[in-house]
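Okay, work-v3.txt is below, compact mmCIF, C-alpha atoms:
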# COMPACT_ATOMS: atom_id res chain seq x y z
CA MET A 221 -18.96 -15.99 -19.66
CA ASN A 222 -21.43 -17.08 -17.02
CA SER A 223 -24.04 -14.35 -16.66
CA ASP A 224 -24.82 -15.50 -13.10
CA VAL A 225 -21.31 -14.50 -12.09
CA LYS A 226 -20.91 -10.90 -11.02
CA ALA A 227 -18.55 -8.57 -12.82
CA ILE A 228 -15.45 -7.29 -11.03
CA GLU A 229 -15.85 -3.61 -10.19
CA PHE A 230 -12.75 -1.63 -11.11
CA TYR A 231 -12.61 1.92 -9.72
CA PHE A 232 -9.87 4.25 -10.92
CA ASP A 233 -8.96 7.90 -11.31
CA LEU A 234 -7.41 8.68 -14.69
CA SER A 235 -4.76 10.78 -12.92
CA SER A 236 -3.67 7.87 -10.69
CA PRO A 237 -0.38 6.16 -11.67
CA TYR A 238 -1.26 3.02 -9.71
CA GLY A 239 -4.65 3.09 -11.44
CA TYR A 240 -2.77 3.15 -14.76
CA ILE A 241 -0.76 0.10 -13.65
CA GLY A 242 -3.88 -1.71 -12.42
CA ALA A 243 -5.65 -1.01 -15.71
CA GLN A 244 -2.96 -2.96 -17.61
CA GLY A 245 -3.53 -6.11 -15.58
CA ILE A 246 -7.15 -6.42 -14.48
CA GLU A 247 -8.65 -7.83 -17.70
CA SER A 248 -6.21 -10.72 -17.95
CA VAL A 249 -6.76 -11.67 -14.30
CA ALA A 250 -10.54 -11.46 -14.75
CA SER A 251 -10.62 -13.47 -17.96
CA ARG A 252 -8.57 -16.27 -16.36
CA HIS A 253 -11.52 -16.76 -14.05
CA GLY A 254 -14.33 -16.15 -16.55
CA ARG A 255 -15.17 -12.73 -15.14
CA GLU A 256 -16.22 -9.51 -16.80
CA VAL A 257 -14.85 -6.20 -15.54
CA ASN A 258 -16.94 -3.09 -14.99
CA TRP A 259 -14.61 -0.11 -15.54
CA LEU A 260 -15.70 2.79 -13.35
CA PRO A 261 -13.71 6.03 -13.58
CA ILE A 262 -14.11 8.14 -10.45
CA LEU A 263 -12.73 11.40 -9.11
CA LEU A 264 -10.37 10.94 -6.18
CA GLY A 265 -10.45 14.67 -5.33
CA PRO A 266 -13.88 14.70 -3.64
CA ILE A 267 -13.10 11.38 -1.93
CA LEU A 268 -9.80 12.59 -0.46
CA LYS A 269 -11.60 15.73 0.69
CA GLN A 270 -13.97 13.59 2.73
CA THR A 271 -11.36 11.20 4.13
CA GLY A 272 -8.96 14.06 4.87
CA HIS A 273 -6.20 12.22 3.08
CA ARG A 274 -3.81 13.98 0.74
CA PRO A 275 -2.69 12.90 -2.73
CA LEU A 276 0.41 10.69 -2.45
CA ALA A 277 2.61 13.19 -4.23
CA GLN A 278 1.96 15.81 -1.56
CA VAL A 279 2.98 13.68 1.42
CA PRO A 280 6.63 14.22 2.40
CA LEU A 281 8.87 11.14 2.00
CA MET A 282 5.90 9.04 0.86
CA GLY A 283 5.58 11.15 -2.27
CA GLU A 284 9.20 10.57 -3.28
CA TYR A 285 9.04 6.88 -2.42
CA SER A 286 5.83 6.43 -4.40
CA LEU A 287 7.32 7.87 -7.54
CA HIS A 288 10.31 5.56 -7.16
CA ASP A 289 7.98 2.62 -6.54
CA ILE A 290 5.75 3.45 -9.53
CA GLU A 291 8.75 3.60 -11.86
CA ARG A 292 10.06 0.33 -10.40
CA CYS A 293 6.66 -1.39 -10.81
CA CYS A 294 6.41 -0.20 -14.41
CA ARG A 295 9.91 -1.48 -15.20
CA ARG A 296 9.04 -4.87 -13.70
CA LEU A 297 5.78 -5.10 -15.63
CA LYS A 298 7.27 -3.55 -18.81
CA ILE A 299 4.76 -0.70 -18.83
CA ASP A 300 5.77 2.61 -20.43
CA PHE A 301 5.90 5.41 -17.88
CA VAL A 302 7.05 9.00 -17.68
CA LEU A 303 6.00 11.19 -14.78
CA PRO A 304 3.68 13.67 -16.49
CA ASP A 305 3.85 17.40 -15.97
CA PRO A 306 1.51 18.73 -14.60
CA PHE A 307 0.74 15.96 -12.10
CA PRO A 308 -1.79 15.28 -10.70
CA ILE A 309 -4.54 16.80 -12.84
CA PRO A 310 -8.34 16.99 -12.70
CA THR A 311 -9.83 14.24 -14.83
CA VAL A 312 -13.45 15.34 -14.96
CA THR A 313 -13.65 15.63 -18.76
CA ALA A 314 -11.71 12.44 -19.41
CA ALA A 315 -13.90 10.44 -17.02
CA ARG A 316 -17.11 11.89 -18.48
CA ALA A 317 -15.93 10.88 -21.96
CA CYS A 318 -15.57 7.29 -20.70
CA TYR A 319 -19.14 7.26 -19.36
CA TRP A 320 -20.45 8.80 -22.58
CA LEU A 321 -18.93 5.91 -24.52
CA GLN A 322 -19.90 3.28 -21.97
CA GLN A 323 -23.58 3.89 -22.67
CA GLN A 324 -22.97 3.00 -26.32
CA ASN A 325 -20.16 0.46 -26.21
CA PRO A 326 -18.64 -0.69 -22.89
CA GLU A 327 -15.78 -2.51 -24.63
CA ALA A 328 -14.78 0.61 -26.57
CA ALA A 329 -15.01 2.62 -23.32
CA LYS A 330 -12.32 0.38 -21.79
CA GLN A 331 -10.09 0.98 -24.81
CA LEU A 332 -10.68 4.71 -24.43
CA ALA A 333 -9.71 4.61 -20.74
CA LEU A 334 -6.51 2.75 -21.68
CA ALA A 335 -5.81 5.27 -24.44
CA LEU A 336 -6.33 8.21 -22.05
CA TYR A 337 -4.05 6.58 -19.47
CA HIS A 338 -1.38 5.97 -22.10
CA ALA A 339 -1.61 9.51 -23.41
CA TYR A 340 -1.07 10.89 -19.91
CA PHE A 341 1.42 8.50 -18.35
CA ALA A 342 3.40 7.37 -21.38
CA GLU A 343 3.19 10.39 -23.69
CA ASN A 344 2.79 13.26 -21.22
CA HIS A 345 -0.32 14.66 -22.87
CA ASN A 346 -2.41 16.77 -20.51
CA ILE A 347 -5.73 14.93 -20.52
CA SER A 348 -7.31 17.52 -18.23
CA ARG A 349 -7.70 19.64 -21.39
CA THR A 350 -10.88 19.06 -23.40
CA PRO A 351 -9.19 19.41 -26.84
CA VAL A 352 -6.69 16.70 -25.84
CA VAL A 353 -9.51 14.35 -24.78
CA LEU A 354 -11.38 15.05 -28.03
CA GLU A 355 -8.28 14.37 -30.11
CA ILE A 356 -7.73 11.02 -28.36
CA CYS A 357 -11.37 10.14 -29.04
CA ARG A 358 -10.92 11.06 -32.69
CA GLN A 359 -7.90 8.74 -32.87
CA GLN A 360 -10.11 5.99 -31.42
CA GLY A 361 -12.51 6.49 -34.33
CA LEU A 362 -15.19 8.08 -32.16
CA ASP A 363 -17.61 10.87 -33.00
CA GLU A 364 -15.82 13.74 -31.28
CA GLU A 365 -18.52 16.28 -32.15
CA ALA A 366 -21.20 14.19 -30.48
CA LEU A 367 -18.95 13.83 -27.45
CA GLU A 368 -18.24 17.57 -27.36
CA ALA A 369 -21.97 18.27 -27.25
CA ALA A 370 -22.60 15.61 -24.60
CA LEU A 371 -19.82 16.96 -22.36
CA THR A 372 -21.75 20.16 -21.79
CA GLY A 373 -24.93 18.33 -20.76
CA GLN A 374 -26.14 17.62 -17.26
CA GLU A 375 -26.50 13.88 -17.78
CA LEU A 376 -22.76 13.11 -17.93
CA LYS A 377 -22.03 15.43 -15.04
CA ASP A 378 -24.60 13.60 -12.92
CA ARG A 379 -23.34 10.21 -14.07
CA LEU A 380 -19.77 10.86 -12.90
CA ARG A 381 -20.86 12.51 -9.67
CA GLN A 382 -23.09 9.51 -8.94
CA ALA A 383 -20.34 7.02 -9.79
CA THR A 384 -17.98 8.73 -7.33
CA ALA A 385 -20.67 8.86 -4.62
CA ASP A 386 -21.57 5.19 -5.19
CA ALA A 387 -17.91 4.25 -4.94
CA MET A 388 -17.51 6.04 -1.61
CA ALA A 389 -20.68 4.40 -0.31
CA LYS A 390 -19.01 1.05 -1.05
CA GLY A 391 -15.89 2.06 0.88
CA VAL A 392 -13.69 3.09 -2.06
CA PHE A 393 -11.04 5.57 -0.87
CA GLY A 394 -8.18 5.15 -3.34
CA SER A 395 -7.21 4.16 -6.87
CA PRO A 396 -7.15 1.50 -8.14
CA PHE A 397 -9.82 -0.21 -6.08
CA PHE A 398 -11.35 -3.55 -7.03
CA ILE A 399 -14.46 -5.20 -5.60
CA VAL A 400 -15.05 -8.91 -6.29
CA ASP A 401 -18.31 -10.34 -4.96
CA GLY A 402 -18.24 -7.68 -2.22
CA GLU A 403 -14.58 -8.32 -1.35
CA PRO A 404 -12.48 -5.12 -1.57
CA PHE A 405 -8.90 -4.93 -2.87
CA TRP A 406 -7.02 -1.64 -2.85
CA GLY A 407 -3.90 -1.06 -4.91
CA ALA A 408 -2.33 -2.33 -8.10
CA ASP A 409 -0.18 -4.74 -6.09
CA ARG A 410 -3.34 -6.43 -4.76
CA LEU A 411 -4.09 -7.85 -8.22
CA ARG A 412 -2.02 -10.88 -7.23
CA ASP A 413 -4.23 -11.43 -4.19
CA LEU A 414 -7.36 -10.85 -6.23
CA ASP A 415 -6.16 -13.49 -8.69
CA ARG A 416 -5.57 -15.94 -5.86
CA TRP A 417 -8.89 -15.03 -4.25
CA LEU A 418 -10.76 -15.95 -7.45
CA GLU A 419 -8.70 -19.11 -7.85
CA THR A 420 -9.31 -20.39 -4.33
CA GLY A 421 -12.76 -18.96 -3.70
CA GLY A 422 -11.41 -16.83 -0.86
CA TRP A 423 -9.84 -17.69 2.47
CA MET B 1014 27.07 -15.50 5.31
CA ASN B 1015 29.25 -13.25 3.19
CA SER B 1016 30.46 -10.40 5.37
CA ASP B 1017 30.92 -8.18 2.29
CA VAL B 1018 27.18 -8.31 1.70
CA LYS B 1019 25.16 -5.66 3.48
CA ALA B 1020 22.44 -6.57 5.95
CA ILE B 1021 18.82 -5.80 5.08
CA GLU B 1022 17.55 -2.93 7.22
CA PHE B 1023 14.13 -3.72 8.67
CA TYR B 1024 12.33 -0.75 10.26
CA PHE B 1025 9.15 -1.37 12.23
CA ASP B 1026 6.93 0.06 14.93
CA LEU B 1027 5.84 -2.54 17.47
CA SER B 1028 2.29 -1.15 17.29
CA SER B 1029 2.08 -1.65 13.51
CA PRO B 1030 0.01 -4.66 12.34
CA TYR B 1031 1.70 -4.70 8.94
CA GLY B 1032 5.03 -4.53 10.79
CA TYR B 1033 3.92 -7.62 12.71
CA ILE B 1034 3.15 -9.38 9.41
CA GLY B 1035 6.45 -8.28 7.87
CA ALA B 1036 8.37 -9.52 10.92
CA GLN B 1037 7.11 -13.07 10.31
CA GLY B 1038 8.51 -13.19 6.79
CA ILE B 1039 11.68 -11.13 6.49
CA GLU B 1040 14.17 -13.62 7.93
CA SER B 1041 13.20 -16.44 5.58
CA VAL B 1042 13.40 -14.14 2.55
CA ALA B 1043 16.79 -12.83 3.71
CA SER B 1044 18.26 -16.24 4.44
CA ARG B 1045 17.26 -17.52 0.99
CA HIS B 1046 19.68 -14.95 -0.38
CA GLY B 1047 22.39 -15.27 2.27
CA ARG B 1048 21.53 -11.96 3.89
CA GLU B 1049 21.46 -10.89 7.52
CA VAL B 1050 18.67 -8.64 8.79
CA ASN B 1051 19.19 -5.64 11.01
CA TRP B 1052 15.99 -5.27 13.09
CA LEU B 1053 15.40 -1.60 13.87
CA PRO B 1054 12.36 -0.73 15.99
CA ILE B 1055 11.29 2.89 15.47
CA LEU B 1056 8.49 5.15 16.63
CA LEU B 1057 6.03 6.04 13.89
CA GLY B 1058 4.44 8.78 15.99
CA PRO B 1059 7.18 11.41 15.52
CA ILE B 1060 7.52 10.42 11.85
CA LEU B 1061 3.80 10.83 11.10
CA LYS B 1062 3.93 14.16 12.90
CA GLN B 1063 6.54 15.36 10.44
CA THR B 1064 4.92 13.96 7.30
CA GLY B 1065 1.47 15.15 8.39
CA HIS B 1066 0.06 11.68 7.79
CA ARG B 1067 -2.35 10.05 10.20
CA PRO B 1068 -2.30 6.52 11.56
CA LEU B 1069 -4.23 4.19 9.23
CA ALA B 1070 -6.88 3.45 11.81
CA GLN B 1071 -7.83 7.14 12.00
CA VAL B 1072 -8.45 7.64 8.29
CA PRO B 1073 -12.12 7.17 7.32
CA LEU B 1074 -12.81 4.21 4.99
CA MET B 1075 -9.09 3.40 4.80
CA GLY B 1076 -9.08 2.48 8.48
CA GLU B 1077 -11.91 -0.02 8.08
CA TYR B 1078 -10.43 -1.45 4.90
CA SER B 1079 -7.01 -1.80 6.49
CA LEU B 1080 -8.35 -3.84 9.37
CA HIS B 1081 -10.15 -6.10 6.91
CA ASP B 1082 -6.99 -6.39 4.82
CA ILE B 1083 -4.79 -7.15 7.84
CA GLU B 1084 -7.11 -9.96 8.96
CA ARG B 1085 -7.22 -11.30 5.41
CA CYS B 1086 -3.40 -11.18 5.08
CA CYS B 1087 -3.02 -13.00 8.40
CA ARG B 1088 -5.49 -15.71 7.38
CA ARG B 1089 -3.62 -16.22 4.10
CA LEU B 1090 -0.24 -16.41 5.83
CA LYS B 1091 -1.60 -18.40 8.81
CA ILE B 1092 -0.52 -15.76 11.31
CA ASP B 1093 -2.46 -15.43 14.58
CA PHE B 1094 -4.18 -12.06 14.84
CA VAL B 1095 -6.72 -10.33 17.04
CA LEU B 1096 -7.19 -6.58 16.86
CA PRO B 1097 -5.80 -5.45 20.21
CA ASP B 1098 -7.55 -3.02 22.49
CA PRO B 1099 -6.24 -0.35 22.94
CA PHE B 1100 -4.89 0.18 19.43
CA PRO B 1101 -2.61 1.82 18.46
CA ILE B 1102 -0.37 2.25 21.50
CA PRO B 1103 2.94 4.01 22.23
CA THR B 1104 5.77 1.50 21.98
CA VAL B 1105 8.59 3.50 23.52
CA THR B 1106 9.35 1.04 26.33
CA ALA B 1107 9.02 -2.05 24.14
CA ALA B 1108 11.35 -0.59 21.50
CA ARG B 1109 13.91 0.48 24.12
CA ALA B 1110 13.90 -3.05 25.52
CA CYS B 1111 14.80 -4.35 22.05
CA TYR B 1112 17.76 -1.96 21.78
CA TRP B 1113 18.89 -2.86 25.29
CA LEU B 1114 19.08 -6.51 24.27
CA GLN B 1115 20.53 -5.79 20.83
CA GLN B 1116 23.72 -4.46 22.44
CA GLN B 1117 24.19 -7.83 24.15
CA ASN B 1118 22.69 -10.33 21.74
CA PRO B 1119 21.20 -9.23 18.40
CA GLU B 1120 19.68 -12.66 17.75
CA ALA B 1121 17.87 -12.68 21.10
CA ALA B 1122 16.67 -9.13 20.38
CA LYS B 1123 14.91 -10.39 17.25
CA GLN B 1124 13.21 -13.10 19.30
CA LEU B 1125 12.15 -10.46 21.82
CA ALA B 1126 10.66 -8.27 19.07
CA LEU B 1127 8.71 -11.28 17.79
CA ALA B 1128 7.56 -12.11 21.34
CA LEU B 1129 6.40 -8.51 21.89
CA TYR B 1130 4.56 -8.51 18.57
CA HIS B 1131 2.89 -11.82 19.41
CA ALA B 1132 1.91 -10.64 22.88
CA TYR B 1133 0.22 -7.57 21.42
CA PHE B 1134 -1.33 -8.82 18.18
CA ALA B 1135 -2.11 -12.44 19.05
CA GLU B 1136 -2.72 -12.27 22.81
CA ASN B 1137 -3.97 -8.71 23.27
CA HIS B 1138 -1.44 -7.83 25.96
CA ASN B 1139 -0.86 -4.11 26.26
CA ILE B 1140 2.88 -3.82 25.56
CA SER B 1141 2.82 -0.06 26.16
CA ARG B 1142 2.88 -0.95 29.88
CA THR B 1143 6.33 -1.43 31.42
CA PRO B 1144 5.30 -4.38 33.67
CA VAL B 1145 3.97 -6.22 30.61
CA VAL B 1146 7.25 -5.68 28.73
CA LEU B 1147 9.24 -6.82 31.78
CA GLU B 1148 7.13 -9.96 32.10
CA ILE B 1149 7.67 -10.84 28.44
CA CYS B 1150 11.42 -10.35 28.94
CA ARG B 1151 11.30 -12.62 31.98
CA GLN B 1152 9.57 -15.30 29.91
CA GLN B 1153 12.39 -14.96 27.36
CA GLY B 1154 14.86 -15.78 30.13
CA LEU B 1155 16.23 -12.23 30.28
CA ASP B 1156 17.41 -10.27 33.30
CA GLU B 1157 14.33 -8.12 33.87
CA GLU B 1158 15.87 -6.22 36.75
CA ALA B 1159 18.83 -5.14 34.64
CA LEU B 1160 16.40 -4.06 31.91
CA GLU B 1161 14.23 -2.14 34.38
CA ALA B 1162 17.28 -0.18 35.50
CA ALA B 1163 18.44 0.45 31.93
CA LEU B 1164 15.00 1.70 30.86
CA THR B 1165 15.32 4.73 33.11
CA GLY B 1166 18.73 5.70 31.71
CA GLN B 1167 19.46 8.28 29.06
CA GLU B 1168 21.39 5.90 26.82
CA LEU B 1169 18.39 3.85 25.66
CA LYS B 1170 16.25 6.95 25.21
CA ASP B 1171 18.93 8.46 22.97
CA ARG B 1172 19.37 5.18 21.08
CA LEU B 1173 15.69 4.97 20.11
CA ARG B 1174 15.43 8.67 19.30
CA GLN B 1175 18.49 8.37 17.09
CA ALA B 1176 17.19 5.21 15.36
CA THR B 1177 13.94 7.01 14.49
CA ALA B 1178 15.80 10.11 13.26
CA ASP B 1179 18.21 7.97 11.19
CA ALA B 1180 15.26 6.13 9.67
CA MET B 1181 13.56 9.37 8.62
CA ALA B 1182 16.82 10.65 7.17
CA LYS B 1183 16.82 7.54 4.96
CA GLY B 1184 13.26 8.22 3.80
CA VAL B 1185 11.41 5.84 6.11
CA PHE B 1186 7.81 7.04 6.60
CA GLY B 1187 5.88 3.86 7.44
CA SER B 1188 6.07 0.38 8.93
CA PRO B 1189 7.32 -2.07 7.88
CA PHE B 1190 10.01 -0.49 5.77
CA PHE B 1191 12.91 -2.45 4.29
CA ILE B 1192 16.10 -1.14 2.71
CA VAL B 1193 18.24 -3.51 0.64
CA ASP B 1194 21.50 -2.06 -0.69
CA GLY B 1195 19.87 1.39 -0.64
CA GLU B 1196 16.69 0.18 -2.35
CA PRO B 1197 13.54 1.01 -0.30
CA PHE B 1198 10.51 -1.26 0.04
CA TRP B 1199 7.49 -0.13 2.03
CA GLY B 1200 4.83 -2.52 3.27
CA ALA B 1201 4.53 -6.18 4.23
CA ASP B 1202 3.22 -6.99 0.76
CA ARG B 1203 6.46 -5.72 -0.77
CA LEU B 1204 8.37 -8.68 0.69
CA ARG B 1205 7.54 -10.55 -2.52
CA ASP B 1206 9.17 -7.80 -4.56
CA LEU B 1207 12.13 -7.66 -2.19
CA ASP B 1208 12.58 -11.41 -2.64
CA ARG B 1209 12.50 -11.03 -6.40
CA TRP B 1210 14.83 -8.02 -6.23
CA LEU B 1211 17.45 -10.08 -4.39
CA GLU B 1212 16.95 -13.01 -6.76
CA THR B 1213 17.36 -10.97 -9.93
CA GLY B 1214 19.77 -8.32 -8.70
CA GLY B 1215 17.18 -5.63 -9.34
CA TRP B 1216 15.51 -4.37 -12.50
Would you mind writing the file's structure down as structure tokens?
Amino acid sequence: MNSDVKAIEFYFDLSSPYGYIGAQGIESVASRHGREVNWLPILLGPILKQTGHRPLAQVPLMGEYSLHDIERCCRRLKIDFVLPDPFPIPTVTAARACYWLQQQNPEAAKQLALALYHAYFAENHNISRTPVVLEICRQQGLDEEALEAALTGQELKDRLRQATADAMAKGVFGSPFFIVDGEPFWGADRLRDLDRWLETGGW
Amino acid sequence: MNSDVKAIEFYFDLSSPYGYIGAQGIESVASRHGREVNWLPILLGPILKQTGHRPLAQVPLMGEYSLHDIERCCRRLKIDFVLPDPFPIPTVTAARACYWLQQQNPEAAKQLALALYHAYFAENHNISRTPVVLEICRQQGLDEEALEAALTGQELKDRLRQATADAMAKGVFGSPFFIVDGEPFWGADRLRDLDRWLETGGW
């Protein structure tokens, strides 16, 4: 990896199905072009509150289409998917767990994000619940007691709040959202364009 | 063309930039698979009113991103584009003109839709104004006086209202929107999936 080359910023909410799809593909696109990826879980709730947008699932017609489209995308990409119940959920604890691990081991934090996504969207485990998040961490070989203690601290709360605010300041309004050298790409289906953008140097 | 094979339904608002982009590509995708395309101008206004969604341009952050994305898509596809002013506009008259011509000559009606799109998104002509629509029709070699008379009649008003209502009844909530054998695809960027869908017979 060339350390002069900036990492791709990958913003996602752990309750976002398109974020789940984007998470399966971003590393392979990035590595084709010698790029690192900075995984940044955010909370869409506060962002949608500011933009006045509603979660996809709550918009008539669009909500039904989106579910159909998500299932179709997952079939095409051979990604396991079951619509979880409840959906959507608050992902505060899950996202904080990712930041807790990121400070120690960024690579392991990516694996944890993928494990949380899989638990929710492929196994229908409610990752808004702290015991569920802790159990997934345990399965990943992590120190769940240390995490449990950290989750109650101010530092992780501030970290996630700041990450969400920073994302909004950069124009992030949805999930997944990728930024490559300042160039924004919104949506899992934009990974193809992002790939081409890196290949051609932009257009 | 195989007359047993259903036409692709192509729904679009003439004030929709992504509809403009979709209109440049749909015929070549369809013809690759021996399909006809049924061009169906609709009014997004009444649809957004029902779904409670707002036009892209009015959503904070998303509006700015969308403009950037539209310009980027047009550069990639080598489509002329300037953000028109005013934008968006009501396209009642322009859409009625398309239905007027469709009754006589569906192929010419497609060319008219493309000419209207080009006038608005490449030349910044305000196609919400009746004289502008009439002038474009004149340039297409059409009988502008006959159109002017028809535009005041109830038949065209009903035709467009019905087209928009039929679209909503089929789940259409945005522009462009394509339906292939009952399968819905929303967005200009979904043309690639639509192409693949026709090639593989679905997945």
Item checked: Exercise answer, chain B residues close to chain A, 9 Å and only C-alpha atoms, as a PyMOL selection string -> chain B and resi 1063-1067+1072-1075+1077-1078+1081-1082+1085+1088-1089+1181+1184-1187+1197-1199+1202-1203+1216
message = Would you compute the distance between CA of Ser395 (chain A) and CA of Leu264 (chain A)? Give it in Å to one decimal.
response =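 We find that CA of Ser395 (chain A) and CA of Leu264 (chain A) lie 7.5 Å from each other.
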Close residues, region 229-238 of chain A itself excluded, 7 Å, all atoms listed in the file, min 4 positions apart in chain, as a PyMOL selection string: chain A and resi 242+257-264+308-309+311+337+395-400+407-408
message = So, with all atoms listed in the file as the atoms that count, which of A:Asp401, A:Asp415, A:Glu375, A:Asp305 lies closest to Tyr340 (chain A)?
response =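 With all atoms listed in the file as the atom set, the closest residue is A:Asp305.
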**Asked** What is the distance, in Å and to one decimal place, between CA of Gln1152 (chain B) and CA of Leu1114 (chain B)?
**Response**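 About the pair CA of Gln1152 (chain B) and CA of Leu1114 (chain B): they are 14.1 Å apart.
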Taking (14.0, -11.3, 28.6) in the file's own coordinates, collect the residues within 10 Å, counting only C-alpha atoms, and hand them back as a PDB file with C-alpha atoms, keeping the file's coordinate frame.
ATOM      1  CA  ALA B1110      13.900  -3.050  25.520  1.00  0.00           C
ATOM      2  CA  CYS B1111      14.800  -4.350  22.050  1.00  0.00           C
ATOM      3  CA  LEU B1114      19.080  -6.510  24.270  1.00  0.00           C
ATOM      4  CA  ALA B1121      17.870 -12.680  21.100  1.00  0.00           C
ATOM      5  CA  ALA B1122      16.670  -9.130  20.380  1.00  0.00           C
ATOM      6  CA  GLN B1124      13.210 -13.100  19.300  1.00  0.00           C
ATOM      7  CA  LEU B1125      12.150 -10.460  21.820  1.00  0.00           C
ATOM      8  CA  ALA B1128       7.560 -12.110  21.340  1.00  0.00           C
ATOM      9  CA  VAL B1146       7.250  -5.680  28.730  1.00  0.00           C
ATOM     10  CA  LEU B1147       9.240  -6.820  31.780  1.00  0.00           C
ATOM     11  CA  GLU B1148       7.130  -9.960  32.100  1.00  0.00           C
ATOM     12  CA  ILE B1149       7.670 -10.840  28.440  1.00  0.00           C
ATOM     13  CA  CYS B1150      11.420 -10.350  28.940  1.00  0.00           C
ATOM     14  CA  ARG B1151      11.300 -12.620  31.980  1.00  0.00           C
ATOM     15  CA  GLN B1152       9.570 -15.300  29.910  1.00  0.00           C
ATOM     16  CA  GLN B1153      12.390 -14.960  27.360  1.00  0.00           C
ATOM     17  CA  GLY B1154      14.860 -15.780  30.130  1.00  0.00           C
ATOM     18  CA  LEU B1155      16.230 -12.230  30.280  1.00  0.00           C
ATOM     19  CA  ASP B1156      17.410 -10.270  33.300  1.00  0.00           C
ATOM     20  CA  GLU B1157      14.330  -8.120  33.870  1.00  0.00           C
ATOM     21  CA  GLU B1158      15.870  -6.220  36.750  1.00  0.00           C
ATOM     22  CA  ALA B1159      18.830  -5.140  34.640  1.00  0.00           C
ATOM     23  CA  LEU B1160      16.400  -4.060  31.910  1.00  0.00           C
TER      24      LEU B1160
END
Would you mind listing what lies within 6 Å of Arg316 (chain A) as a PyMOL selection string, with all atoms listed in the file counted and same-chain residues fewer than 3 positions away left out?
chain A and resi 313+319+376
Checklist entry - Of the candidates B:Ala1135, B:Val1105, B:Leu1207, B:Leu1080, which one gets nearest to Tyr1033 (chain B) if we count only C-alpha atoms? => result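 Result for the nearest residue to Tyr1033 (chain B): B:Ala1135.
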- Interatomic distance (Å, one decimal) between CA of Glu1084 (chain B) and CA of Ile1034 (chain B):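 Interatomic distance here is 10.3 Å.
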